[in-house]
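Undergrad: This is work-v7.pdb (PDB, C-alpha atoms, pLDDT in the B column).
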```
ATOM      1  CA  MET A   1       7.779 -19.470  76.562  1.00 56.00           C
ATOM      2  CA  LEU A   2      10.047 -21.992  74.892  1.00 66.00           C
ATOM      3  CA  LEU A   3       8.199 -25.029  73.597  1.00 89.00           C
ATOM      4  CA  LEU A   4       9.932 -28.355  73.260  1.00 95.00           C
ATOM      5  CA  ASN A   5       9.661 -30.938  70.503  1.00 98.00           C
ATOM      6  CA  ILE A   6       9.783 -34.681  71.096  1.00 98.00           C
ATOM      7  CA  LEU A   7      10.501 -37.444  68.584  1.00 98.00           C
ATOM      8  CA  LEU A   8       9.074 -40.925  69.162  1.00 98.00           C
ATOM      9  CA  THR A   9      10.777 -43.457  66.919  1.00 98.00           C
ATOM     10  CA  GLY A  10      11.311 -47.203  66.683  1.00 97.00           C
ATOM     11  CA  THR A  11      10.399 -50.193  64.532  1.00 97.00           C
ATOM     12  CA  PRO A  12       6.773 -50.356  63.345  1.00 96.00           C
ATOM     13  CA  GLY A  13       4.622 -52.007  66.009  1.00 97.00           C
ATOM     14  CA  VAL A  14       6.575 -50.905  69.099  1.00 97.00           C
ATOM     15  CA  GLY A  15       3.781 -48.617  70.311  1.00 97.00           C
ATOM     16  CA  LYS A  16       4.772 -45.134  69.148  1.00 98.00           C
ATOM     17  CA  THR A  17       1.243 -44.095  68.175  1.00 97.00           C
ATOM     18  CA  THR A  18      -0.396 -45.335  71.374  1.00 97.00           C
ATOM     19  CA  LEU A  19       2.240 -43.556  73.471  1.00 98.00           C
ATOM     20  CA  GLY A  20       2.191 -40.396  71.321  1.00 98.00           C
ATOM     21  CA  LYS A  21      -1.574 -39.898  71.450  1.00 98.00           C
ATOM     22  CA  GLU A  22      -1.785 -40.543  75.190  1.00 97.00           C
ATOM     23  CA  LEU A  23       1.213 -38.301  75.871  1.00 97.00           C
ATOM     24  CA  ALA A  24      -0.312 -35.485  73.796  1.00 97.00           C
ATOM     25  CA  SER A  25      -3.595 -35.642  75.669  1.00 97.00           C
ATOM     26  CA  ARG A  26      -1.820 -35.537  79.057  1.00 97.00           C
ATOM     27  CA  SER A  27       0.858 -32.965  78.216  1.00 95.00           C
ATOM     28  CA  GLY A  28      -1.031 -30.537  75.977  1.00 95.00           C
ATOM     29  CA  LEU A  29       1.581 -30.971  73.248  1.00 96.00           C
ATOM     30  CA  LYS A  30       0.447 -31.468  69.651  1.00 97.00           C
ATOM     31  CA  TYR A  31       0.719 -35.007  68.242  1.00 98.00           C
ATOM     32  CA  ILE A  32       1.767 -35.581  64.624  1.00 98.00           C
ATOM     33  CA  ASN A  33       1.895 -39.030  63.041  1.00 98.00           C
ATOM     34  CA  VAL A  34       4.126 -38.689  59.963  1.00 98.00           C
ATOM     35  CA  GLY A  35       2.475 -41.660  58.224  1.00 96.00           C
ATOM     36  CA  ASP A  36      -0.956 -40.016  58.569  1.00 97.00           C
ATOM     37  CA  LEU A  37       0.447 -36.644  57.470  1.00 98.00           C
ATOM     38  CA  ALA A  38       1.888 -38.273  54.331  1.00 97.00           C
ATOM     39  CA  ARG A  39      -1.392 -40.065  53.594  1.00 97.00           C
ATOM     40  CA  GLU A  40      -3.505 -36.929  54.036  1.00 97.00           C
ATOM     41  CA  GLY A  41      -1.232 -34.744  51.893  1.00 97.00           C
ATOM     42  CA  GLN A  42      -0.239 -37.541  49.464  1.00 97.00           C
ATOM     43  CA  LEU A  43       3.415 -36.765  50.266  1.00 98.00           C
ATOM     44  CA  TYR A  44       4.747 -39.800  48.416  1.00 98.00           C
ATOM     45  CA  ASP A  45       7.498 -40.476  45.940  1.00 96.00           C
ATOM     46  CA  GLY A  46       6.412 -43.740  44.354  1.00 96.00           C
ATOM     47  CA  TYR A  47       5.418 -47.180  45.631  1.00 96.00           C
ATOM     48  CA  ASP A  48       7.548 -50.000  47.058  1.00 93.00           C
ATOM     49  CA  GLU A  49       6.284 -53.240  45.477  1.00 92.00           C
ATOM     50  CA  GLU A  50       8.392 -55.445  47.735  1.00 89.00           C
ATOM     51  CA  TYR A  51       7.049 -53.991  50.982  1.00 86.00           C
ATOM     52  CA  GLU A  52       3.638 -53.177  49.522  1.00 87.00           C
ATOM     53  CA  CYS A  53       3.684 -49.571  50.746  1.00 90.00           C
ATOM     54  CA  PRO A  54       4.118 -46.030  49.388  1.00 95.00           C
ATOM     55  CA  ILE A  55       7.548 -44.379  49.553  1.00 96.00           C
ATOM     56  CA  LEU A  56       7.661 -41.207  51.616  1.00 96.00           C
ATOM     57  CA  ASP A  57       8.756 -37.950  49.981  1.00 98.00           C
ATOM     58  CA  GLU A  58      11.037 -36.897  52.845  1.00 97.00           C
ATOM     59  CA  ASP A  59      11.722 -33.381  51.522  1.00 98.00           C
ATOM     60  CA  ARG A  60       8.009 -32.603  51.256  1.00 98.00           C
ATOM     61  CA  ILE A  61       7.430 -34.010  54.759  1.00 98.00           C
ATOM     62  CA  VAL A  62      10.114 -31.699  56.161  1.00 98.00           C
ATOM     63  CA  ASP A  63       8.642 -28.712  54.291  1.00 98.00           C
ATOM     64  CA  GLU A  64       5.171 -29.582  55.560  1.00 97.00           C
ATOM     65  CA  LEU A  65       6.342 -29.781  59.187  1.00 98.00           C
ATOM     66  CA  GLU A  66       8.811 -26.869  59.260  1.00 97.00           C
ATOM     67  CA  ASN A  67       6.454 -24.161  60.599  1.00 96.00           C
ATOM     68  CA  GLN A  68       4.921 -26.305  63.320  1.00 96.00           C
ATOM     69  CA  MET A  69       8.328 -27.541  64.411  1.00 97.00           C
ATOM     70  CA  SER A  70       9.763 -24.028  64.709  1.00 96.00           C
ATOM     71  CA  GLU A  71       6.722 -22.979  66.795  1.00 96.00           C
ATOM     72  CA  GLY A  72       7.390 -25.976  69.041  1.00 96.00           C
ATOM     73  CA  GLY A  73       5.262 -28.030  71.382  1.00 96.00           C
ATOM     74  CA  VAL A  74       5.107 -31.016  69.038  1.00 98.00           C
ATOM     75  CA  ILE A  75       5.371 -34.786  69.447  1.00 98.00           C
ATOM     76  CA  VAL A  76       6.408 -36.413  66.160  1.00 98.00           C
ATOM     77  CA  ASP A  77       5.838 -40.142  65.609  1.00 98.00           C
ATOM     78  CA  TYR A  78       7.688 -41.976  62.823  1.00 98.00           C
ATOM     79  CA  HIS A  79       9.744 -45.140  62.385  1.00 95.00           C
ATOM     80  CA  GLY A  80      12.572 -43.293  60.653  1.00 94.00           C
ATOM     81  CA  CYS A  81      14.460 -40.287  61.957  1.00 96.00           C
ATOM     82  CA  ASP A  82      17.535 -39.628  59.836  1.00 96.00           C
ATOM     83  CA  PHE A  83      15.860 -37.118  57.486  1.00 97.00           C
ATOM     84  CA  PHE A  84      14.475 -34.708  60.121  1.00 98.00           C
ATOM     85  CA  PRO A  85      16.649 -31.646  60.821  1.00 97.00           C
ATOM     86  CA  GLU A  86      18.619 -32.209  64.038  1.00 97.00           C
ATOM     87  CA  ARG A  87      17.585 -28.777  65.372  1.00 96.00           C
ATOM     88  CA  TRP A  88      13.928 -29.839  65.531  1.00 98.00           C
ATOM     89  CA  PHE A  89      14.096 -32.101  68.576  1.00 98.00           C
ATOM     90  CA  HIS A  90      14.969 -31.538  72.210  1.00 96.00           C
ATOM     91  CA  ILE A  91      14.651 -35.211  73.066  1.00 96.00           C
ATOM     92  CA  VAL A  92      14.331 -38.466  71.157  1.00 98.00           C
ATOM     93  CA  PHE A  93      12.708 -41.602  72.564  1.00 98.00           C
ATOM     94  CA  VAL A  94      13.344 -44.917  70.812  1.00 98.00           C
ATOM     95  CA  LEU A  95      10.676 -47.440  71.764  1.00 98.00           C
ATOM     96  CA  GLN A  96      11.661 -51.089  71.819  1.00 98.00           C
ATOM     97  CA  ALA A  97       9.718 -54.331  72.095  1.00 97.00           C
ATOM     98  CA  ASP A  98      10.639 -57.990  72.526  1.00 97.00           C
ATOM     99  CA  ASN A  99      10.618 -59.901  69.243  1.00 95.00           C
ATOM    100  CA  SER A 100       7.738 -62.190  70.232  1.00 95.00           C
ATOM    101  CA  VAL A 101       5.585 -59.203  71.243  1.00 97.00           C
ATOM    102  CA  LEU A 102       6.511 -57.303  68.084  1.00 97.00           C
ATOM    103  CA  TYR A 103       5.866 -60.317  65.839  1.00 96.00           C
ATOM    104  CA  GLU A 104       2.329 -60.684  67.189  1.00 96.00           C
ATOM    105  CA  ARG A 105       1.589 -56.964  66.780  1.00 97.00           C
ATOM    106  CA  LEU A 106       2.821 -56.913  63.178  1.00 97.00           C
ATOM    107  CA  GLU A 107       1.075 -60.166  62.282  1.00 96.00           C
ATOM    108  CA  THR A 108      -2.177 -58.612  63.536  1.00 96.00           C
ATOM    109  CA  ARG A 109      -1.553 -55.734  61.107  1.00 96.00           C
ATOM    110  CA  GLY A 110      -1.392 -58.214  58.235  1.00 95.00           C
ATOM    111  CA  TYR A 111       2.256 -57.628  57.287  1.00 94.00           C
ATOM    112  CA  ASN A 112       3.549 -59.964  54.561  1.00 91.00           C
ATOM    113  CA  GLU A 113       6.286 -62.460  55.472  1.00 92.00           C
ATOM    114  CA  LYS A 114       9.177 -60.361  54.142  1.00 93.00           C
ATOM    115  CA  LYS A 115       7.948 -57.215  55.872  1.00 94.00           C
ATOM    116  CA  LEU A 116       7.504 -59.165  59.120  1.00 95.00           C
ATOM    117  CA  LYS A 117      10.971 -60.698  58.975  1.00 96.00           C
ATOM    118  CA  ASP A 118      12.701 -57.444  58.046  1.00 96.00           C
ATOM    119  CA  ASN A 119      10.998 -55.477  60.821  1.00 96.00           C
ATOM    120  CA  ILE A 120      11.889 -58.129  63.414  1.00 97.00           C
ATOM    121  CA  GLN A 121      15.506 -58.082  62.214  1.00 97.00           C
ATOM    122  CA  CYS A 122      15.449 -54.297  62.349  1.00 96.00           C
ATOM    123  CA  GLU A 123      14.463 -54.587  66.022  1.00 96.00           C
ATOM    124  CA  ILE A 124      17.018 -57.335  66.825  1.00 95.00           C
ATOM    125  CA  PHE A 125      19.859 -55.228  65.414  1.00 95.00           C
ATOM    126  CA  GLN A 126      18.540 -52.030  67.025  1.00 96.00           C
ATOM    127  CA  VAL A 127      18.622 -50.301  63.647  1.00 96.00           C
ATOM    128  CA  LEU A 128      16.372 -47.404  64.715  1.00 96.00           C
ATOM    129  CA  TYR A 129      18.334 -46.830  67.932  1.00 97.00           C
ATOM    130  CA  GLU A 130      21.577 -46.718  65.918  1.00 97.00           C
ATOM    131  CA  GLU A 131      19.928 -44.350  63.415  1.00 97.00           C
ATOM    132  CA  ALA A 132      18.818 -42.062  66.248  1.00 98.00           C
ATOM    133  CA  LEU A 133      22.316 -42.054  67.776  1.00 98.00           C
ATOM    134  CA  ALA A 134      23.814 -41.228  64.382  1.00 97.00           C
ATOM    135  CA  SER A 135      21.291 -38.418  63.784  1.00 97.00           C
ATOM    136  CA  TYR A 136      21.118 -36.670  67.185  1.00 98.00           C
ATOM    137  CA  LYS A 137      23.361 -35.880  70.140  1.00 97.00           C
ATOM    138  CA  GLU A 138      23.751 -39.034  72.217  1.00 97.00           C
ATOM    139  CA  GLU A 139      22.603 -37.328  75.422  1.00 96.00           C
ATOM    140  CA  ILE A 140      19.134 -36.589  74.040  1.00 97.00           C
ATOM    141  CA  VAL A 141      18.480 -40.156  72.777  1.00 98.00           C
ATOM    142  CA  HIS A 142      16.756 -42.513  75.222  1.00 97.00           C
ATOM    143  CA  GLN A 143      15.489 -46.098  74.890  1.00 98.00           C
ATOM    144  CA  LEU A 144      12.135 -47.102  76.391  1.00 98.00           C
ATOM    145  CA  PRO A 145      10.725 -50.630  76.748  1.00 98.00           C
ATOM    146  CA  SER A 146       7.287 -51.087  75.185  1.00 98.00           C
ATOM    147  CA  ASN A 147       6.064 -54.636  75.791  1.00 97.00           C
ATOM    148  CA  LYS A 148       3.117 -54.466  78.186  1.00 96.00           C
ATOM    149  CA  PRO A 149       0.448 -51.984  79.312  1.00 94.00           C
ATOM    150  CA  GLU A 150       2.461 -51.098  82.451  1.00 97.00           C
ATOM    151  CA  ASP A 151       5.352 -49.994  80.217  1.00 98.00           C
ATOM    152  CA  LEU A 152       3.033 -47.494  78.541  1.00 97.00           C
ATOM    153  CA  GLU A 153       2.075 -45.956  81.880  1.00 97.00           C
ATOM    154  CA  ASP A 154       5.699 -45.904  83.095  1.00 98.00           C
ATOM    155  CA  ASN A 155       6.882 -44.304  79.841  1.00 98.00           C
ATOM    156  CA  ILE A 156       4.192 -41.616  79.971  1.00 98.00           C
ATOM    157  CA  ASN A 157       5.050 -40.751  83.568  1.00 97.00           C
ATOM    158  CA  GLN A 158       8.775 -40.711  82.814  1.00 97.00           C
ATOM    159  CA  ILE A 159       8.324 -38.432  79.784  1.00 97.00           C
ATOM    160  CA  LEU A 160       5.938 -36.100  81.653  1.00 97.00           C
ATOM    161  CA  LYS A 161       8.556 -35.737  84.426  1.00 96.00           C
ATOM    162  CA  TRP A 162      11.186 -35.043  81.814  1.00 95.00           C
ATOM    163  CA  ILE A 163       8.978 -32.383  80.144  1.00 95.00           C
ATOM    164  CA  GLU A 164       8.376 -30.726  83.523  1.00 94.00           C
ATOM    165  CA  GLN A 165      12.119 -30.656  84.246  1.00 94.00           C
ATOM    166  CA  TRP A 166      12.897 -29.330  80.759  1.00 93.00           C
ATOM    167  CA  ILE A 167      10.419 -26.480  81.231  1.00 91.00           C
ATOM    168  CA  LYS A 168      11.972 -25.627  84.626  1.00 93.00           C
ATOM    169  CA  ASP A 169      15.473 -25.668  83.160  1.00 92.00           C
ATOM    170  CA  HIS A 170      14.520 -23.456  80.213  1.00 89.00           C
ATOM    171  CA  SER A 171      12.278 -20.868  81.860  1.00 85.00           C
ATOM    172  CA  SER A 172      14.888 -18.534  83.254  1.00 70.00           C
TER
END
```
What would the structure in this file look like if it were written as structure tokens?

TA:
Amino acid sequence: MLLLNILLTGTPGVGKTTLGKELASRSGLKYINVGDLAREGQLYDGYDEEYECPILDEDRIVDELENQMSEGGVIVDYHGCDFFPERWFHIVFVLQADNSVLYERLETRGYNEKKLKDNIQCEIFQVLYEEALASYKEEIVHQLPSNKPEDLEDNINQILKWIEQWIKDHSS
């Protein structure tokens, strides 16, 4: 059986992890948080003083994920998407949140002022959506609202329906 791979992307704080974990438990797909993967394997290439965070070693991340991605059945969660091979994903969901909602979520995480401002701007200018459109075929990139608990439920149901349809379409 063909197994699909899903990418959840969007600005930090939009709800990728919450959606990814819940989706994995309801769909049986495997959930991978790229930030956690990098932390566990120390897949870093230096430290960004300005943003007070480690810099991801993208090549090592790709190497680390390659086998699992070719087996399929994976949900990948990361705020960037331009370094993943295009062939990995069957569908890409870009989560989006209103600025006020996002600001509160990031403030709760203790982001410094610059990091807060830059992430809010990133959301205003739809940087991650543009990145997804530039990296994958337009027809597989979808935007999902992620502001309130009902959005989470709606998004899960929508994605589960999509998975079901995909399986039907690809099990000839």

Undergrad: Output as a Markdown table one row per residue of stretch 14-67 of chain A within 8 Å of stretch 74-81 of chain A: the closest atom pair and its distance in Å to one decimal place, counting all atoms listed in the file, sorted by chain and residue number ascending.

TA:
```
| residue | atom | partner | partner_atom | distance |
| --- | --- | --- | --- | --- |
| A:Lys16 | CA | A:Asp77 | CA | 6.2 |
| A:Thr17 | CA | A:Asp77 | CA | 6.6 |
| A:Gly20 | CA | A:Ile75 | CA | 6.7 |
| A:Ala24 | CA | A:Ile75 | CA | 7.2 |
| A:Leu29 | CA | A:Val74 | CA | 5.5 |
| A:Lys30 | CA | A:Val74 | CA | 4.7 |
| A:Tyr31 | CA | A:Ile75 | CA | 4.8 |
| A:Ile32 | CA | A:Val76 | CA | 5.0 |
| A:Asn33 | CA | A:Asp77 | CA | 4.8 |
| A:Val34 | CA | A:Tyr78 | CA | 5.6 |
| A:Gly35 | CA | A:Tyr78 | CA | 7.0 |
```

Undergrad: Return the single residue from A:Gln42, A:Gly73, A:Arg109, A:Asp118 that is closest to A:Ile167, with distances computed using all atoms listed in the file.

TA: A:Gly73

Undergrad: Given the file shown, determine the residues that the PyMOL selection byres ((chain A and resi 137) around 12) selects; report them as a VMD selection string.

TA: chain A and resid 86 to 87 89 to 92 130 to 136 138 to 142

Undergrad: What residues come out when you apply the PyMOL selection byres ((chain A and resi 105) around 12) to this file, written as a list in words?

TA: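 Selected by the PyMOL selection byres ((chain A and resi 105) around 12) in this file: Thr11, Pro12, Gly13, Val14, Gly15, Ala97, Asp98, Asn99, Ser100, Val101, Leu102, Tyr103, Glu104, Leu106, Glu107, Thr108, Arg109, Gly110, Tyr111, Leu116, Asn119, Ile120, Ser146, Asn147 and Lys148 of chain A.
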
Undergrad: Expanded to explicit residues, what is the PyMOL selection byres ((chain A and resi 44-47) around 12) for this file, as a list in words?

TA: Val34, Gly35, Asp36, Leu37, Ala38, Arg39, Glu40, Gly41, Gln42, Leu43, Asp48, Glu49, Glu50, Tyr51, Glu52, Cys53, Pro54, Ile55, Leu56, Asp57, Glu58, Asp59, Arg60 and Ile61 of chain A

Undergrad: Could you check which of A:Val127, A:Leu95, A:Met69, A:Leu4 is closest to A:Leu152, using only C-alpha atoms?

TA: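 Nearest to A:Leu152: A:Leu95.
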
Undergrad: To one decimal place, how far is atom CA of A:Gly10 from atom CA of A:Gln121 in Å?

TA: 12.5 Å

Undergrad: To one decimal place, how far is atom CA of A:Thr9 from atom CA of A:Val94 in Å?

TA: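 Going from atom CA of A:Thr9 over to atom CA of A:Val94 covers 4.9 Å.
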
Undergrad: Would you compute the distance between atom CA of A:Leu65 and atom CA of A:Leu7? Give it in Å to one decimal.

TA: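 Atom CA of A:Leu7 lies at a distance of 12.8 Å from atom CA of A:Leu65.
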
Undergrad: Could you tell me which of A:Leu23, A:Ser172, A:Leu8, A:Phe83 comes closest to A:Gln143 if we count only C-alpha atoms?

TA: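 Ranking A:Leu23, A:Ser172, A:Leu8, A:Phe83 by distance to A:Gln143, first place goes to A:Leu8.
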
Undergrad: For A:Gln158, which residue among A:Gln96, A:Ser27, A:Asn112, A:Ser70 is the nearest when counting all atoms listed in the file?

TA: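 Among the listed residues, A:Ser27 lies closest to A:Gln158.
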
Undergrad: Restricting the calculation to all atoms listed in the file, which member of A:Asp154, A:Gly72, A:Glu66, A:Tyr129 is positioned closest to A:Gly28?

TA: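 Distance minimum relative to A:Gly28 lands on A:Gly72.
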
Undergrad: Extract, using only C-alpha atoms, all DNA, RNA and protein residues at most 12 Å from A:Asn157, discarding same-chain residues fewer than 4 positions from it, and format them as a compact mmCIF listing (two decimals) with C-alpha atoms, in the frame of the given file.

TA:
```txt
# COMPACT_ATOMS: atom_id res chain seq x y z
CA LEU A 19 2.24 -43.56 73.47
CA GLU A 22 -1.78 -40.54 75.19
CA LEU A 23 1.21 -38.30 75.87
CA ARG A 26 -1.82 -35.54 79.06
CA SER A 27 0.86 -32.97 78.22
CA LEU A 144 12.14 -47.10 76.39
CA GLU A 150 2.46 -51.10 82.45
CA ASP A 151 5.35 -49.99 80.22
CA LEU A 152 3.03 -47.49 78.54
CA GLU A 153 2.08 -45.96 81.88
CA LYS A 161 8.56 -35.74 84.43
CA TRP A 162 11.19 -35.04 81.81
CA ILE A 163 8.98 -32.38 80.14
CA GLU A 164 8.38 -30.73 83.52
```

Undergrad: With all atoms listed in the file as the basis for distance, which of A:Ile156, A:Leu3, A:Cys122, A:Val62 is at the shortest distance from A:Lys21?

TA: A:Ile156

Undergrad: Would you mind exporting stretch 104-115 of chain A with all heavy atoms, as a PDB file, in the first residue's frame?

TA:
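Saved the output as out.pdb:
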```
ATOM      1  N   GLU A 104       0.208  36.636  21.345  1.00  0.00           N
ATOM      2  CA  GLU A 104       0.008  36.075  22.687  1.00  0.00           C
ATOM      3  C   GLU A 104       0.716  34.731  22.852  1.00  0.00           C
ATOM      4  O   GLU A 104       1.360  34.473  23.866  1.00  0.00           O
ATOM      5  CB  GLU A 104      -1.483  35.885  22.968  1.00  0.00           C
ATOM      6  CG  GLU A 104      -2.104  37.049  23.692  1.00  0.00           C
ATOM      7  CD  GLU A 104      -3.599  36.884  23.872  1.00  0.00           C
ATOM      8  OE1 GLU A 104      -4.046  35.752  24.183  1.00  0.00           O
ATOM      9  OE2 GLU A 104      -4.312  37.879  23.686  1.00  0.00           O
ATOM     10  N   ARG A 105       0.572  33.867  21.841  1.00  0.00           N
ATOM     11  CA  ARG A 105       1.192  32.533  21.907  1.00  0.00           C
ATOM     12  C   ARG A 105       2.710  32.635  22.004  1.00  0.00           C
ATOM     13  O   ARG A 105       3.344  31.913  22.766  1.00  0.00           O
ATOM     14  CB  ARG A 105       0.805  31.701  20.679  1.00  0.00           C
ATOM     15  CG  ARG A 105      -0.657  31.281  20.659  1.00  0.00           C
ATOM     16  CD  ARG A 105      -0.961  30.524  19.385  1.00  0.00           C
ATOM     17  NE  ARG A 105      -2.381  30.228  19.248  1.00  0.00           N
ATOM     18  CZ  ARG A 105      -2.936  29.768  18.132  1.00  0.00           C
ATOM     19  NH1 ARG A 105      -2.182  29.533  17.055  1.00  0.00           N
ATOM     20  NH2 ARG A 105      -4.228  29.521  18.086  1.00  0.00           N
ATOM     21  N   LEU A 106       3.297  33.546  21.218  1.00  0.00           N
ATOM     22  CA  LEU A 106       4.758  33.668  21.201  1.00  0.00           C
ATOM     23  C   LEU A 106       5.284  34.360  22.453  1.00  0.00           C
ATOM     24  O   LEU A 106       6.362  34.052  22.942  1.00  0.00           O
ATOM     25  CB  LEU A 106       5.224  34.411  19.939  1.00  0.00           C
ATOM     26  CG  LEU A 106       4.950  33.695  18.617  1.00  0.00           C
ATOM     27  CD1 LEU A 106       5.397  34.547  17.440  1.00  0.00           C
ATOM     28  CD2 LEU A 106       5.608  32.323  18.565  1.00  0.00           C
ATOM     29  N   GLU A 107       4.500  35.300  22.972  1.00  0.00           N
ATOM     30  CA  GLU A 107       4.868  35.992  24.204  1.00  0.00           C
ATOM     31  C   GLU A 107       4.922  34.983  25.352  1.00  0.00           C
ATOM     32  O   GLU A 107       5.833  34.991  26.167  1.00  0.00           O
ATOM     33  CB  GLU A 107       3.823  37.076  24.494  1.00  0.00           C
ATOM     34  CG  GLU A 107       4.379  38.271  25.208  1.00  0.00           C
ATOM     35  CD  GLU A 107       3.338  39.381  25.365  1.00  0.00           C
ATOM     36  OE1 GLU A 107       2.132  39.087  25.375  1.00  0.00           O
ATOM     37  OE2 GLU A 107       3.765  40.539  25.498  1.00  0.00           O
ATOM     38  N   THR A 108       3.947  34.079  25.374  1.00  0.00           N
ATOM     39  CA  THR A 108       3.878  33.016  26.378  1.00  0.00           C
ATOM     40  C   THR A 108       5.124  32.130  26.308  1.00  0.00           C
ATOM     41  O   THR A 108       5.583  31.607  27.315  1.00  0.00           O
ATOM     42  CB  THR A 108       2.607  32.153  26.157  1.00  0.00           C
ATOM     43  OG1 THR A 108       1.493  33.026  26.098  1.00  0.00           O
ATOM     44  CG2 THR A 108       2.402  31.152  27.265  1.00  0.00           C
ATOM     45  N   ARG A 109       5.680  31.976  25.115  1.00  0.00           N
ATOM     46  CA  ARG A 109       6.893  31.167  24.942  1.00  0.00           C
ATOM     47  C   ARG A 109       8.153  31.907  25.381  1.00  0.00           C
ATOM     48  O   ARG A 109       9.250  31.341  25.340  1.00  0.00           O
ATOM     49  CB  ARG A 109       7.068  30.783  23.468  1.00  0.00           C
ATOM     50  CG  ARG A 109       6.043  29.809  22.959  1.00  0.00           C
ATOM     51  CD  ARG A 109       6.337  29.447  21.515  1.00  0.00           C
ATOM     52  NE  ARG A 109       5.375  28.486  21.013  1.00  0.00           N
ATOM     53  CZ  ARG A 109       5.480  27.885  19.830  1.00  0.00           C
ATOM     54  NH1 ARG A 109       6.509  28.146  19.043  1.00  0.00           N
ATOM     55  NH2 ARG A 109       4.559  27.028  19.449  1.00  0.00           N
ATOM     56  N   GLY A 110       8.011  33.191  25.694  1.00  0.00           N
ATOM     57  CA  GLY A 110       9.160  33.968  26.140  1.00  0.00           C
ATOM     58  C   GLY A 110      10.067  34.445  25.023  1.00  0.00           C
ATOM     59  O   GLY A 110      11.264  34.659  25.220  1.00  0.00           O
ATOM     60  N   TYR A 111       9.526  34.638  23.824  1.00  0.00           N
ATOM     61  CA  TYR A 111      10.331  35.152  22.708  1.00  0.00           C
ATOM     62  C   TYR A 111      10.807  36.570  23.011  1.00  0.00           C
ATOM     63  O   TYR A 111      10.043  37.367  23.549  1.00  0.00           O
ATOM     64  CB  TYR A 111       9.496  35.180  21.423  1.00  0.00           C
ATOM     65  CG  TYR A 111       9.419  33.866  20.686  1.00  0.00           C
ATOM     66  CD1 TYR A 111       9.460  32.648  21.360  1.00  0.00           C
ATOM     67  CD2 TYR A 111       9.294  33.838  19.305  1.00  0.00           C
ATOM     68  CE1 TYR A 111       9.382  31.446  20.667  1.00  0.00           C
ATOM     69  CE2 TYR A 111       9.211  32.639  18.607  1.00  0.00           C
ATOM     70  CZ  TYR A 111       9.261  31.454  19.295  1.00  0.00           C
ATOM     71  OH  TYR A 111       9.177  30.270  18.609  1.00  0.00           O
ATOM     72  N   ASN A 112      12.041  36.890  22.628  1.00  0.00           N
ATOM     73  CA  ASN A 112      12.524  38.273  22.804  1.00  0.00           C
ATOM     74  C   ASN A 112      11.816  39.179  21.793  1.00  0.00           C
ATOM     75  O   ASN A 112      11.192  38.713  20.846  1.00  0.00           O
ATOM     76  CB  ASN A 112      14.052  38.357  22.705  1.00  0.00           C
ATOM     77  CG  ASN A 112      14.586  38.062  21.306  1.00  0.00           C
ATOM     78  OD1 ASN A 112      13.978  38.400  20.289  1.00  0.00           O
ATOM     79  ND2 ASN A 112      15.748  37.425  21.263  1.00  0.00           N
ATOM     80  N   GLU A 113      11.936  40.493  22.012  1.00  0.00           N
ATOM     81  CA  GLU A 113      11.181  41.472  21.218  1.00  0.00           C
ATOM     82  C   GLU A 113      11.433  41.329  19.712  1.00  0.00           C
ATOM     83  O   GLU A 113      10.501  41.345  18.919  1.00  0.00           O
ATOM     84  CB  GLU A 113      11.531  42.889  21.697  1.00  0.00           C
ATOM     85  CG  GLU A 113      10.526  43.953  21.288  1.00  0.00           C
ATOM     86  CD  GLU A 113       9.066  43.648  21.665  1.00  0.00           C
ATOM     87  OE1 GLU A 113       8.819  43.165  22.796  1.00  0.00           O
ATOM     88  OE2 GLU A 113       8.177  43.871  20.812  1.00  0.00           O
ATOM     89  N   LYS A 114      12.699  41.184  19.335  1.00  0.00           N
ATOM     90  CA  LYS A 114      13.028  41.064  17.908  1.00  0.00           C
ATOM     91  C   LYS A 114      12.407  39.805  17.304  1.00  0.00           C
ATOM     92  O   LYS A 114      11.829  39.842  16.218  1.00  0.00           O
ATOM     93  CB  LYS A 114      14.541  41.056  17.707  1.00  0.00           C
ATOM     94  CG  LYS A 114      14.905  40.806  16.244  1.00  0.00           C
ATOM     95  CD  LYS A 114      16.320  41.117  15.912  1.00  0.00           C
ATOM     96  CE  LYS A 114      16.651  40.871  14.452  1.00  0.00           C
ATOM     97  NZ  LYS A 114      15.733  41.489  13.489  1.00  0.00           N
ATOM     98  N   LYS A 115      12.521  38.702  18.018  1.00  0.00           N
ATOM     99  CA  LYS A 115      11.985  37.433  17.547  1.00  0.00           C
ATOM    100  C   LYS A 115      10.455  37.513  17.405  1.00  0.00           C
ATOM    101  O   LYS A 115       9.883  37.017  16.439  1.00  0.00           O
ATOM    102  CB  LYS A 115      12.373  36.323  18.540  1.00  0.00           C
ATOM    103  CG  LYS A 115      12.496  34.948  17.942  1.00  0.00           C
ATOM    104  CD  LYS A 115      13.139  34.001  18.956  1.00  0.00           C
ATOM    105  CE  LYS A 115      13.082  32.577  18.490  1.00  0.00           C
ATOM    106  NZ  LYS A 115      13.722  31.659  19.428  1.00  0.00           N
TER     107      LYS A 115
END
```
